[in-house]
Structures are given as C-alpha cells and as structure tokens.
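Visitor: I'd like to ask you about the structure that follows.
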Amino acid sequence: MPLPTPQGRQKEVLYLPSQGHFVVLGTAGSGKTTLAILRAAYLSNPRTEHRGKTLLVTFNRTLVTYLQSLQKREKKLNNVVIENYHRFARGYLASRRKISRNSILDNTQKLKLIEQALQKIKNHFADHPLVDKPVSFFEDEFRWMSQQGILTLENYQRIESDQFLGTRILPQYRDFLFLAYQQYQELLSDSNYQYDWDNIATTVCQELEEDTSTRRYKHIIIDEGQDFSPEMIRSLSLAIPADGSLTFFGDIAQQIYGHRISWRSAGLNVSDSEIWEFEENYRNSKQIAQLSLAIAQMSYFRGVPDLVEPQSPSADGPLPTIVKCNSRIDEISLVVQQAIQIIKQSETVAILCRDRKDEKQIKQAITSRRYLPESVQLHKKMQRLELNSPKIYYGTYHSAKGLEFDLVILPFCNKQRLPDPQIVETFGETEAMSRDGRLLYVGVTRAKSRLLITYHQELTELLPLNPNLYRILQHSQ
C-alpha cells in the first residue's frame, strides 16, 4: 500500500523548509498523522540535499505500533525511526550512561512514595486545607510541576493561576505543595530508582544542553504533540542540529494526557503568524463532525487557546445514534451484537471504553461467544496493528488515539460514569468535566461514518443537548 497523497494545504506543510521549528495545529480528522508520515519520508529522502536520519515520535504506544506496521511495507520510511517519547529518552540517557536498568519508578510505586512524603510533613501541617486531599491530588500536581520543569519554589510561585495553562493551586498553598514535592524528590533520590516517567524529560534537557557530540537525528517530527509536556518538547528541540528541523503536529481538543499544559511554554522558535492550521476534516462524516464541533463548544472547552474549529466535511452519513438500555448487561449484549453485525459487512468497528475495567467486561462478552468473531485488543504492548480488515477492535479512549474505524461504539456513557466519580471527588466537577469531555471528544472523532453511543440509567451531561445531532432510541430485548 503506497503512502497517501497530500490534499489541500497539506502539500504546503509537507514541503516546509528543512531547517527550523514548525507548528501545525489541526482539528480531528484533518490528516495530521498522515502529514507526519509524509514529512518524515520527505525529510529523510536520501536523494535530497536536506536528507538526514529522521525521528517520528508520538506519545501513544498503540499508535507507534500502527505506524511501525505501515513502515514495514513502505521503503520511503527506511531512514525513519518511529518510537514513543519515553523510548527516545531512555535510549538517549543510556548513551550518556545516565540511566540503568529498572531505574524508572512506575505509577504504583510513585503513589506509595508520595504517601510516604506526605506522612513526613503532615505532622507539621495538621490544619492545612490540603492535608487531607487524596494522594492522587498530589500525584497530579507533582506530575504537572515535572512537566513544566519547575525546580524552585520561586519558579512555582511565579506561575499565574489559569484553568488551562497554569496550576489550579492558589498561591498561598504553593509553599506546602512544593515542600511535599521536595520531600518526594528526596525519597526518590534515596531509593533504588533514578527517575519517574514525568521528570525524566528534565534530565534529557540538561544532558542535551551539555552534549556537544553530533546529534543522532537531523529532523524530528512530533505527532499528537498536544500530549507532550513542555519539557519533552524542549528536549526534542535540543536533540536536533542547527541545520535540522522540528515539526510539531497537534490538536489541543484531544489533549488527554497533558491537561493544563501548552506547547508554547516549550520555547519553540515560532511566531503566531507562522502557525499552520488544518480546518478541513477528511475523516468524519458531516454528521459526526457536527457532533464533535458541538462537543468542542461545550462549557468545559471554553477559553482553551489554539483550538482549531473544523470545517464541515462533505461526506454524508447517518446521524450518530444514542440507545438507552435497560441495564448494564443489556447494554453489553447490544454493543457486542452491533459490532458483529458491522464486521459481517466487511467494515472495521471499535468498542472504546473509559478505562480498562469497563474494557474487561466488553472483552469477556466477546470471548464468551460460541462463535468467536475476530477481535483485537488495543494496548501498549501490541507487536503489530493493521486496520485494513474487518475486525472488532476494543480498548480505551486513550489506546485509540490517532486511529480511525468505520464504526465506533461508545458504551457506558452514563451520567453516573462520565465524568468519573473518583475524579469529581478528587478535583471537583469542573475539572472532571474537562478531563472526561476531552476523552469523549477523542472517542467520537475516531468514527469515520457511523457512531453508536449507549447508556443505561441517565445519559452523561458531557454530550450536547441538541436532539437534532442524534437519532435517539430505546433498546428492547
């Protein structure tokens, strides 16, 4: 299968100069990943003057697997390395002898270490308003501090409070939080681990600033860049030579890993007049695009900078369907039946869930059938991923980032489930709506022609109220 042909303004972006920083912001379905692949092939072409080894880096490991599957059958990508950011970071630090095996703290161990850090300081702050917050609250703020490369209290205090770009934490509470953060960093330093998954990018930055050796890559292309932290992007900009290039592709509406961070704070040498915007939606039908636009106009998206509003595509299709079920069991049965019907029509279908717990129930329902349909679980340890044959793909919203399917089914869209009650309890309803609203947007925009949303009890308030956007049904067994 040959590489796709660029359309419209995509041709201009493909042939941008081979030196400097470039930012391309686009709506879902505008061909950002396609352009990332094509630009990687163009910049790495050995028959050109600008040729050089090229890194195509993304955040989602499932998407990496898909891109690597494309690479295996396309010779134009022979001089391109495709990997996720953390693989790049570990490889670079290993070349500098700054990392050893099994030296990165996993998330479960990180929560335990944060708990220990809080215990050490709680005795001195028994009456502090934040002292009884759950560990997940501190873990979230510590991650944000690492992503921003905050190393001093002065730096932390200087950041203005802003719902999207800055911290939720009021200035008067930051002394306490920074003390807890320092205590966590000390415990990490005293442990058998060198890094956690969030602070490793800062070390990469520091090493690259001192590293005078020849850079491994001449060109770096970032796909799904909205999920990269400023420190990650900064480190990648340092990883290219003076005559190299860095091209950033992103969609702020799909920012589900790096909430409250912006590529702008990474120091890229790009002015507002040099930012490219892709408004054309080549993936979704007109009806699905209208729903995604309505979601992007919900209150939890307001005030988000760099949001690109899509133009309505010309491809027609059926209205997204919302089906109310009598129970969760009824809902699971309907979802699997519909998926099997679609693959019989030689189309791809994805069942996408809020988390692995919900996904597990879908998996059980698929695998328990007497005549097992061909199914593929989307997960980070996949060895190969092809999307050109009729199968049932299932996974989380996170795992489907950057992918597309003929039909997407989104089960369990209940008010009692979305937004997640645990996130509401920890961070408040506004923050929870924002986080899960973006997840829902990602799920909706994976669908090319058909979308099915199911629920029981009450429908989530994350969906727009306009009844003209849907076909609404009641399922009866």
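Chain labels follow the order of the structure tokens: the first chain is A, the next B, and so on; residue numbering restarts at 1 in every chain, and ligands are counted from 1 in their shown order.
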Do a neighbour search on Phe22 (chain A) at 9 Å with only C-alpha atoms, toss out local chain neighbours closer than 4 positions, and write the hits as a PyMOL selection string.
Guide: chain A and resi 16-17+245-249+268-270+274-276
Visitor: Output N, CA, C and O atoms for every residue in that selection, as a JSON list (two decimals), in the first residue's frame.
Guide:
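Once everything was written out, this is result34.json:
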[["chain", "number", "residue", "atom", "x", "y", "z"],
["A", 16, "LEU", "N", 7.49, 22.37, 3.74],
["A", 16, "LEU", "CA", 8.05, 23.45, 4.55],
["A", 16, "LEU", "C", 9.58, 23.32, 4.57],
["A", 16, "LEU", "O", 10.11, 22.24, 4.34],
["A", 17, "PRO", "N", 10.30, 24.40, 4.87],
["A", 17, "PRO", "CA", 11.77, 24.33, 4.88],
["A", 17, "PRO", "C", 12.29, 23.18, 5.76],
["A", 17, "PRO", "O", 11.61, 22.71, 6.68],
["A", 245, "SER", "N", 15.53, 20.25, 11.63],
["A", 245, "SER", "CA", 14.17, 20.79, 11.77],
["A", 245, "SER", "C", 13.38, 20.01, 12.81],
["A", 245, "SER", "O", 13.64, 18.83, 13.06],
["A", 246, "LEU", "N", 12.41, 20.71, 13.41],
["A", 246, "LEU", "CA", 11.45, 20.09, 14.31],
["A", 246, "LEU", "C", 10.06, 20.52, 13.85],
["A", 246, "LEU", "O", 9.79, 21.72, 13.73],
["A", 247, "THR", "N", 9.19, 19.55, 13.57],
["A", 247, "THR", "CA", 7.82, 19.84, 13.13],
["A", 247, "THR", "C", 6.85, 19.26, 14.15],
["A", 247, "THR", "O", 6.88, 18.07, 14.45],
["A", 248, "PHE", "N", 5.99, 20.11, 14.68],
["A", 248, "PHE", "CA", 5.05, 19.75, 15.75],
["A", 248, "PHE", "C", 3.64, 19.69, 15.15],
["A", 248, "PHE", "O", 3.16, 20.67, 14.58],
["A", 249, "PHE", "N", 2.97, 18.53, 15.26],
["A", 249, "PHE", "CA", 1.58, 18.37, 14.86],
["A", 249, "PHE", "C", 0.73, 18.13, 16.11],
["A", 249, "PHE", "O", 1.05, 17.24, 16.91],
["A", 268, "LEU", "N", 9.67, 26.95, 21.63],
["A", 268, "LEU", "CA", 9.90, 26.79, 20.20],
["A", 268, "LEU", "C", 10.00, 28.14, 19.52],
["A", 268, "LEU", "O", 9.28, 29.09, 19.88],
["A", 269, "ASN", "N", 10.85, 28.22, 18.53],
["A", 269, "ASN", "CA", 11.10, 29.49, 17.83],
["A", 269, "ASN", "C", 10.08, 29.65, 16.69],
["A", 269, "ASN", "O", 10.41, 29.53, 15.52],
["A", 270, "VAL", "N", 8.83, 29.93, 17.08],
["A", 270, "VAL", "CA", 7.73, 30.05, 16.12],
["A", 270, "VAL", "C", 6.85, 31.22, 16.53],
["A", 270, "VAL", "O", 6.42, 31.30, 17.68],
["A", 274, "GLU", "N", 3.33, 32.23, 11.98],
["A", 274, "GLU", "CA", 3.95, 31.08, 11.32],
["A", 274, "GLU", "C", 3.28, 29.75, 11.69],
["A", 274, "GLU", "O", 3.73, 28.69, 11.27],
["A", 275, "ILE", "N", 2.21, 29.81, 12.48],
["A", 275, "ILE", "CA", 1.50, 28.59, 12.88],
["A", 275, "ILE", "C", 0.51, 28.21, 11.77],
["A", 275, "ILE", "O", -0.30, 29.02, 11.33],
["A", 276, "TRP", "N", 0.59, 26.96, 11.34],
["A", 276, "TRP", "CA", -0.30, 26.45, 10.32],
["A", 276, "TRP", "C", -1.52, 25.81, 10.97],
["A", 276, "TRP", "O", -1.40, 25.13, 12.00]]
Visitor: What are the DSSP strand (DSSP E) residues of region 66-297 of chain A, as a VMD selection string?
Guide: chain A and resid 80 to 84 104 to 105 195 to 196 219 to 222 245 to 250 276 to 278
Visitor: Could you check the closest approach to Glu347 (chain A) for each of A:Leu67, A:Leu319, A:Val308, A:Ile392 and tell me which residue wins, using only C-alpha atoms?
Guide: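 Residue with the minimum atom-to-atom distance to Glu347 (chain A): A:Ile392.
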Visitor: Find, counting only C-alpha atoms, the residue in A:Asn388, A:Gln182, A:Thr460, A:Ser314 that gets nearest to Leu418 (chain A).
Guide: A:Thr460
Visitor: If you count only C-alpha atoms, which residues fall within 9 Å of region 37-52 of chain A, apart from same-chain ones fewer than 4 positions away, as an mmCIF file with C-alpha atoms, in the first residue's frame?
Guide:
data_model
loop_
_atom_site.group_PDB
_atom_site.id
_atom_site.type_symbol
_atom_site.label_atom_id
_atom_site.label_comp_id
_atom_site.auth_asym_id
_atom_site.auth_seq_id
_atom_site.Cartn_x
_atom_site.Cartn_y
_atom_site.Cartn_z
ATOM 1 C CA LEU A 3 1.732 6.369 1.193
ATOM 2 C CA PRO A 4 -1.381 8.591 0.902
ATOM 3 C CA THR A 5 -1.399 11.640 -1.358
ATOM 4 C CA PRO A 6 -1.450 15.028 0.454
ATOM 5 C CA VAL A 13 3.158 21.855 5.012
ATOM 6 C CA LEU A 14 4.806 18.783 3.534
ATOM 7 C CA TYR A 15 7.371 20.959 1.760
ATOM 8 C CA LEU A 16 8.051 23.453 4.547
ATOM 9 C CA SER A 18 14.093 21.622 6.179
ATOM 10 C CA GLN A 19 15.551 23.896 8.854
ATOM 11 C CA LYS A 32 -2.018 15.400 10.899
ATOM 12 C CA THR A 33 -0.713 11.856 11.304
ATOM 13 C CA LEU A 56 8.879 10.376 14.134
ATOM 14 C CA LEU A 67 2.874 3.439 12.337
ATOM 15 C CA LYS A 76 10.344 5.554 1.748
ATOM 16 C CA LEU A 77 10.412 5.266 5.550
ATOM 17 C CA ASN A 78 13.641 3.224 5.722
ATOM 18 C CA ASN A 79 15.610 6.163 7.165
ATOM 19 C CA VAL A 80 12.938 6.981 9.757
ATOM 20 C CA TYR A 217 18.725 12.844 14.230
ATOM 21 C CA LYS A 218 18.739 15.736 11.789
ATOM 22 C CA HIS A 219 14.948 16.039 11.752
ATOM 23 C CA ILE A 220 12.321 15.331 14.411
ATOM 24 C CA ILE A 221 8.568 15.176 13.825
ATOM 25 C CA ASP A 243 20.693 22.857 10.312
ATOM 26 C CA GLY A 244 17.919 20.429 11.305
ATOM 27 C CA SER A 245 14.171 20.787 11.768
ATOM 28 C CA THR A 247 7.822 19.838 13.132
#
Visitor: Choose the residue, out of A:Pro318, A:Pro313, A:Gly91, A:Gly267, that has the smallest atom-to-atom separation from Arg216 (chain A); count only C-alpha atoms.
Guide: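 Of A:Pro318, A:Pro313, A:Gly91, A:Gly267, the one nearest Arg216 (chain A), counting only C-alpha atoms, is A:Gly91.
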Visitor: In Å, with one decimal, what is the gap from CA of Val442 (chain A) to CA of Ser476 (chain A)?
Guide: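 These two atoms are separated by 28.9 Å.
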Visitor: Quick one: residues within 7 Å of Gln148 (chain A), only C-alpha atoms counted, chain neighbours fewer than 4 positions away excluded, as a PyMOL selection string?
Guide: chain A and resi 144+229-231
Visitor: Mind writing the picked residues with all heavy atoms as a PDB file, in the first residue's frame?
Guide:
ATOM      1  N   TRP A 144       2.378  17.688  36.997  1.00  0.00           N
ATOM      2  CA  TRP A 144       2.341  18.965  36.280  1.00  0.00           C
ATOM      3  C   TRP A 144       3.616  19.767  36.539  1.00  0.00           C
ATOM      4  O   TRP A 144       4.179  20.367  35.618  1.00  0.00           O
ATOM      5  CB  TRP A 144       1.108  19.758  36.721  1.00  0.00           C
ATOM      6  CG  TRP A 144       0.941  21.043  35.985  1.00  0.00           C
ATOM      7  CD1 TRP A 144       0.350  21.230  34.771  1.00  0.00           C
ATOM      8  CD2 TRP A 144       1.416  22.315  36.416  1.00  0.00           C
ATOM      9  NE1 TRP A 144       0.414  22.552  34.421  1.00  0.00           N
ATOM     10  CE2 TRP A 144       1.056  23.242  35.405  1.00  0.00           C
ATOM     11  CE3 TRP A 144       2.087  22.771  37.540  1.00  0.00           C
ATOM     12  CZ2 TRP A 144       1.363  24.600  35.505  1.00  0.00           C
ATOM     13  CZ3 TRP A 144       2.388  24.124  37.630  1.00  0.00           C
ATOM     14  CH2 TRP A 144       2.033  25.013  36.625  1.00  0.00           C
ATOM     15  N   SER A 229       4.631  17.038  27.205  1.00  0.00           N
ATOM     16  CA  SER A 229       4.853  18.119  28.157  1.00  0.00           C
ATOM     17  C   SER A 229       5.821  19.141  27.562  1.00  0.00           C
ATOM     18  O   SER A 229       6.578  18.824  26.636  1.00  0.00           O
ATOM     19  CB  SER A 229       5.438  17.558  29.456  1.00  0.00           C
ATOM     20  OG  SER A 229       6.791  17.165  29.255  1.00  0.00           O
ATOM     21  N   PRO A 230       5.819  20.384  28.074  1.00  0.00           N
ATOM     22  CA  PRO A 230       6.796  21.368  27.603  1.00  0.00           C
ATOM     23  C   PRO A 230       8.234  20.871  27.712  1.00  0.00           C
ATOM     24  O   PRO A 230       9.053  21.133  26.827  1.00  0.00           O
ATOM     25  CB  PRO A 230       6.549  22.565  28.527  1.00  0.00           C
ATOM     26  CG  PRO A 230       5.105  22.460  28.877  1.00  0.00           C
ATOM     27  CD  PRO A 230       4.846  20.986  29.004  1.00  0.00           C
ATOM     28  N   GLU A 231       8.561  20.127  28.782  1.00  0.00           N
ATOM     29  CA  GLU A 231       9.918  19.597  28.937  1.00  0.00           C
ATOM     30  C   GLU A 231      10.248  18.568  27.860  1.00  0.00           C
ATOM     31  O   GLU A 231      11.378  18.514  27.363  1.00  0.00           O
ATOM     32  CB  GLU A 231      10.100  18.971  30.325  1.00  0.00           C
ATOM     33  CG  GLU A 231      10.233  19.979  31.452  1.00  0.00           C
ATOM     34  CD  GLU A 231      11.575  20.706  31.417  1.00  0.00           C
ATOM     35  OE1 GLU A 231      11.643  21.750  30.727  1.00  0.00           O
ATOM     36  OE2 GLU A 231      12.528  20.253  32.058  1.00  0.00           O
TER      37      GLU A 231
END
Visitor: Going by DSSP on the backbone, which bits of region 73-228 of chain A are helix (DSSP H, G or I)? Write them as a PyMOL selection string, please.
Guide: chain A and resi 75-77+85-95+107-122+135-148+153-158+171-190+200-210+225-227
Visitor: Give me the residues near His398 (chain A) as a PDB file with all heavy atoms, in the first residue's frame, where near means some atom within 9 Å (using only C-alpha atoms) and where sequence neighbours in that chain fewer than 4 positions away do not count.
Guide:
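Below is the file that was written, out21.pdb:
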ATOM      1  N   ASN A  60       1.455   7.871  22.217  1.00  0.00           N
ATOM      2  CA  ASN A  60       0.664   6.658  22.385  1.00  0.00           C
ATOM      3  C   ASN A  60       1.382   5.459  21.767  1.00  0.00           C
ATOM      4  O   ASN A  60       1.653   5.430  20.581  1.00  0.00           O
ATOM      5  CB  ASN A  60      -0.695   6.890  21.698  1.00  0.00           C
ATOM      6  CG  ASN A  60      -1.648   5.734  21.855  1.00  0.00           C
ATOM      7  OD1 ASN A  60      -1.282   4.666  22.328  1.00  0.00           O
ATOM      8  ND2 ASN A  60      -2.881   5.943  21.442  1.00  0.00           N
ATOM      9  N   ILE A 256      -5.444  14.729  26.223  1.00  0.00           N
ATOM     10  CA  ILE A 256      -5.961  13.897  27.315  1.00  0.00           C
ATOM     11  C   ILE A 256      -4.864  13.423  28.265  1.00  0.00           C
ATOM     12  O   ILE A 256      -5.159  12.892  29.323  1.00  0.00           O
ATOM     13  CB  ILE A 256      -6.745  12.682  26.786  1.00  0.00           C
ATOM     14  CG1 ILE A 256      -5.855  11.782  25.925  1.00  0.00           C
ATOM     15  CG2 ILE A 256      -7.971  13.132  26.012  1.00  0.00           C
ATOM     16  CD1 ILE A 256      -6.532  10.504  25.466  1.00  0.00           C
ATOM     17  N   TYR A 257      -3.615  13.596  27.901  1.00  0.00           N
ATOM     18  CA  TYR A 257      -2.521  13.216  28.796  1.00  0.00           C
ATOM     19  C   TYR A 257      -1.911  14.441  29.477  1.00  0.00           C
ATOM     20  O   TYR A 257      -1.503  14.375  30.617  1.00  0.00           O
ATOM     21  CB  TYR A 257      -1.410  12.481  28.029  1.00  0.00           C
ATOM     22  CG  TYR A 257      -1.797  11.125  27.530  1.00  0.00           C
ATOM     23  CD1 TYR A 257      -2.084  10.917  26.187  1.00  0.00           C
ATOM     24  CD2 TYR A 257      -1.874  10.039  28.396  1.00  0.00           C
ATOM     25  CE1 TYR A 257      -2.431   9.661  25.709  1.00  0.00           C
ATOM     26  CE2 TYR A 257      -2.234   8.780  27.925  1.00  0.00           C
ATOM     27  CZ  TYR A 257      -2.499   8.603  26.582  1.00  0.00           C
ATOM     28  OH  TYR A 257      -2.846   7.353  26.113  1.00  0.00           O
ATOM     29  N   LEU A 352     -14.924   1.386  22.378  1.00  0.00           N
ATOM     30  CA  LEU A 352     -13.993   2.161  23.202  1.00  0.00           C
ATOM     31  C   LEU A 352     -14.625   2.508  24.545  1.00  0.00           C
ATOM     32  O   LEU A 352     -15.774   2.958  24.608  1.00  0.00           O
ATOM     33  CB  LEU A 352     -13.581   3.446  22.467  1.00  0.00           C
ATOM     34  CG  LEU A 352     -12.976   3.239  21.073  1.00  0.00           C
ATOM     35  CD1 LEU A 352     -12.636   4.570  20.441  1.00  0.00           C
ATOM     36  CD2 LEU A 352     -11.746   2.340  21.149  1.00  0.00           C
ATOM     37  N   CYS A 353     -13.845   2.308  25.605  1.00  0.00           N
ATOM     38  CA  CYS A 353     -14.349   2.470  26.972  1.00  0.00           C
ATOM     39  C   CYS A 353     -13.539   3.510  27.743  1.00  0.00           C
ATOM     40  O   CYS A 353     -12.427   3.869  27.361  1.00  0.00           O
ATOM     41  CB  CYS A 353     -14.276   1.141  27.719  1.00  0.00           C
ATOM     42  SG  CYS A 353     -15.155  -0.206  26.909  1.00  0.00           S
ATOM     43  N   ARG A 354     -14.113   3.938  28.851  1.00  0.00           N
ATOM     44  CA  ARG A 354     -13.472   4.942  29.703  1.00  0.00           C
ATOM     45  C   ARG A 354     -12.173   4.425  30.317  1.00  0.00           C
ATOM     46  O   ARG A 354     -11.189   5.150  30.422  1.00  0.00           O
ATOM     47  CB  ARG A 354     -14.448   5.370  30.816  1.00  0.00           C
ATOM     48  CG  ARG A 354     -13.878   6.228  31.944  1.00  0.00           C
ATOM     49  CD  ARG A 354     -13.468   7.586  31.443  1.00  0.00           C
ATOM     50  NE  ARG A 354     -12.908   8.429  32.485  1.00  0.00           N
ATOM     51  CZ  ARG A 354     -11.702   8.303  33.017  1.00  0.00           C
ATOM     52  NH1 ARG A 354     -10.904   7.319  32.648  1.00  0.00           N
ATOM     53  NH2 ARG A 354     -11.283   9.149  33.932  1.00  0.00           N
ATOM     54  N   ASP A 355     -12.147   3.159  30.725  1.00  0.00           N
ATOM     55  CA  ASP A 355     -10.942   2.616  31.353  1.00  0.00           C
ATOM     56  C   ASP A 355     -10.880   1.104  31.149  1.00  0.00           C
ATOM     57  O   ASP A 355     -11.768   0.496  30.551  1.00  0.00           O
ATOM     58  CB  ASP A 355     -10.890   2.969  32.840  1.00  0.00           C
ATOM     59  CG  ASP A 355     -12.118   2.514  33.611  1.00  0.00           C
ATOM     60  OD1 ASP A 355     -12.732   1.498  33.216  1.00  0.00           O
ATOM     61  OD2 ASP A 355     -12.478   3.166  34.613  1.00  0.00           O
ATOM     62  N   LEU A 439     -11.828  13.226  26.625  1.00  0.00           N
ATOM     63  CA  LEU A 439     -11.811  11.794  26.302  1.00  0.00           C
ATOM     64  C   LEU A 439     -12.964  11.434  25.377  1.00  0.00           C
ATOM     65  O   LEU A 439     -12.796  10.714  24.392  1.00  0.00           O
ATOM     66  CB  LEU A 439     -11.910  10.969  27.581  1.00  0.00           C
ATOM     67  CG  LEU A 439     -10.637  10.716  28.385  1.00  0.00           C
ATOM     68  CD1 LEU A 439     -10.961   9.951  29.658  1.00  0.00           C
ATOM     69  CD2 LEU A 439      -9.614   9.949  27.564  1.00  0.00           C
ATOM     70  N   VAL A 442     -12.307  12.551  21.861  1.00  0.00           N
ATOM     71  CA  VAL A 442     -11.406  11.629  21.171  1.00  0.00           C
ATOM     72  C   VAL A 442     -12.169  10.409  20.680  1.00  0.00           C
ATOM     73  O   VAL A 442     -12.012   9.970  19.530  1.00  0.00           O
ATOM     74  CB  VAL A 442     -10.242  11.206  22.092  1.00  0.00           C
ATOM     75  CG1 VAL A 442      -9.469  10.025  21.500  1.00  0.00           C
ATOM     76  CG2 VAL A 442      -9.301  12.375  22.334  1.00  0.00           C
ATOM     77  N   GLY A 443     -13.019   9.842  21.531  1.00  0.00           N
ATOM     78  CA  GLY A 443     -13.782   8.667  21.141  1.00  0.00           C
ATOM     79  C   GLY A 443     -14.696   8.931  19.958  1.00  0.00           C
ATOM     80  O   GLY A 443     -14.728   8.158  18.992  1.00  0.00           O
TER      81      GLY A 443
END
Visitor: Hey, what's within 12 Å of Asn155 (chain A) if we count only C-alpha atoms and toss same-chain stuff fewer than 5 positions away? As number ranges by chain, please?
Guide: A: 145, 148-150, 160, 171, 174-175, 178
Visitor: How about saving the chosen residues, C-alpha atoms kept, as a compact mmCIF listing (two decimals), in the first residue's frame?
Guide:
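The resulting file, out_35.txt, is shown below:
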# COMPACT_ATOMS: atom_id res chain seq x y z
CA MET A 145 5.33 20.50 38.08
CA GLN A 148 6.79 22.25 33.38
CA GLY A 149 10.35 21.70 34.60
CA ILE A 150 9.72 23.51 37.89
CA GLU A 160 -0.12 32.63 37.34
CA PRO A 171 -0.53 30.98 45.55
CA ARG A 174 2.10 26.50 46.96
CA ASP A 175 4.66 26.59 49.80
CA PHE A 178 6.40 22.49 46.93
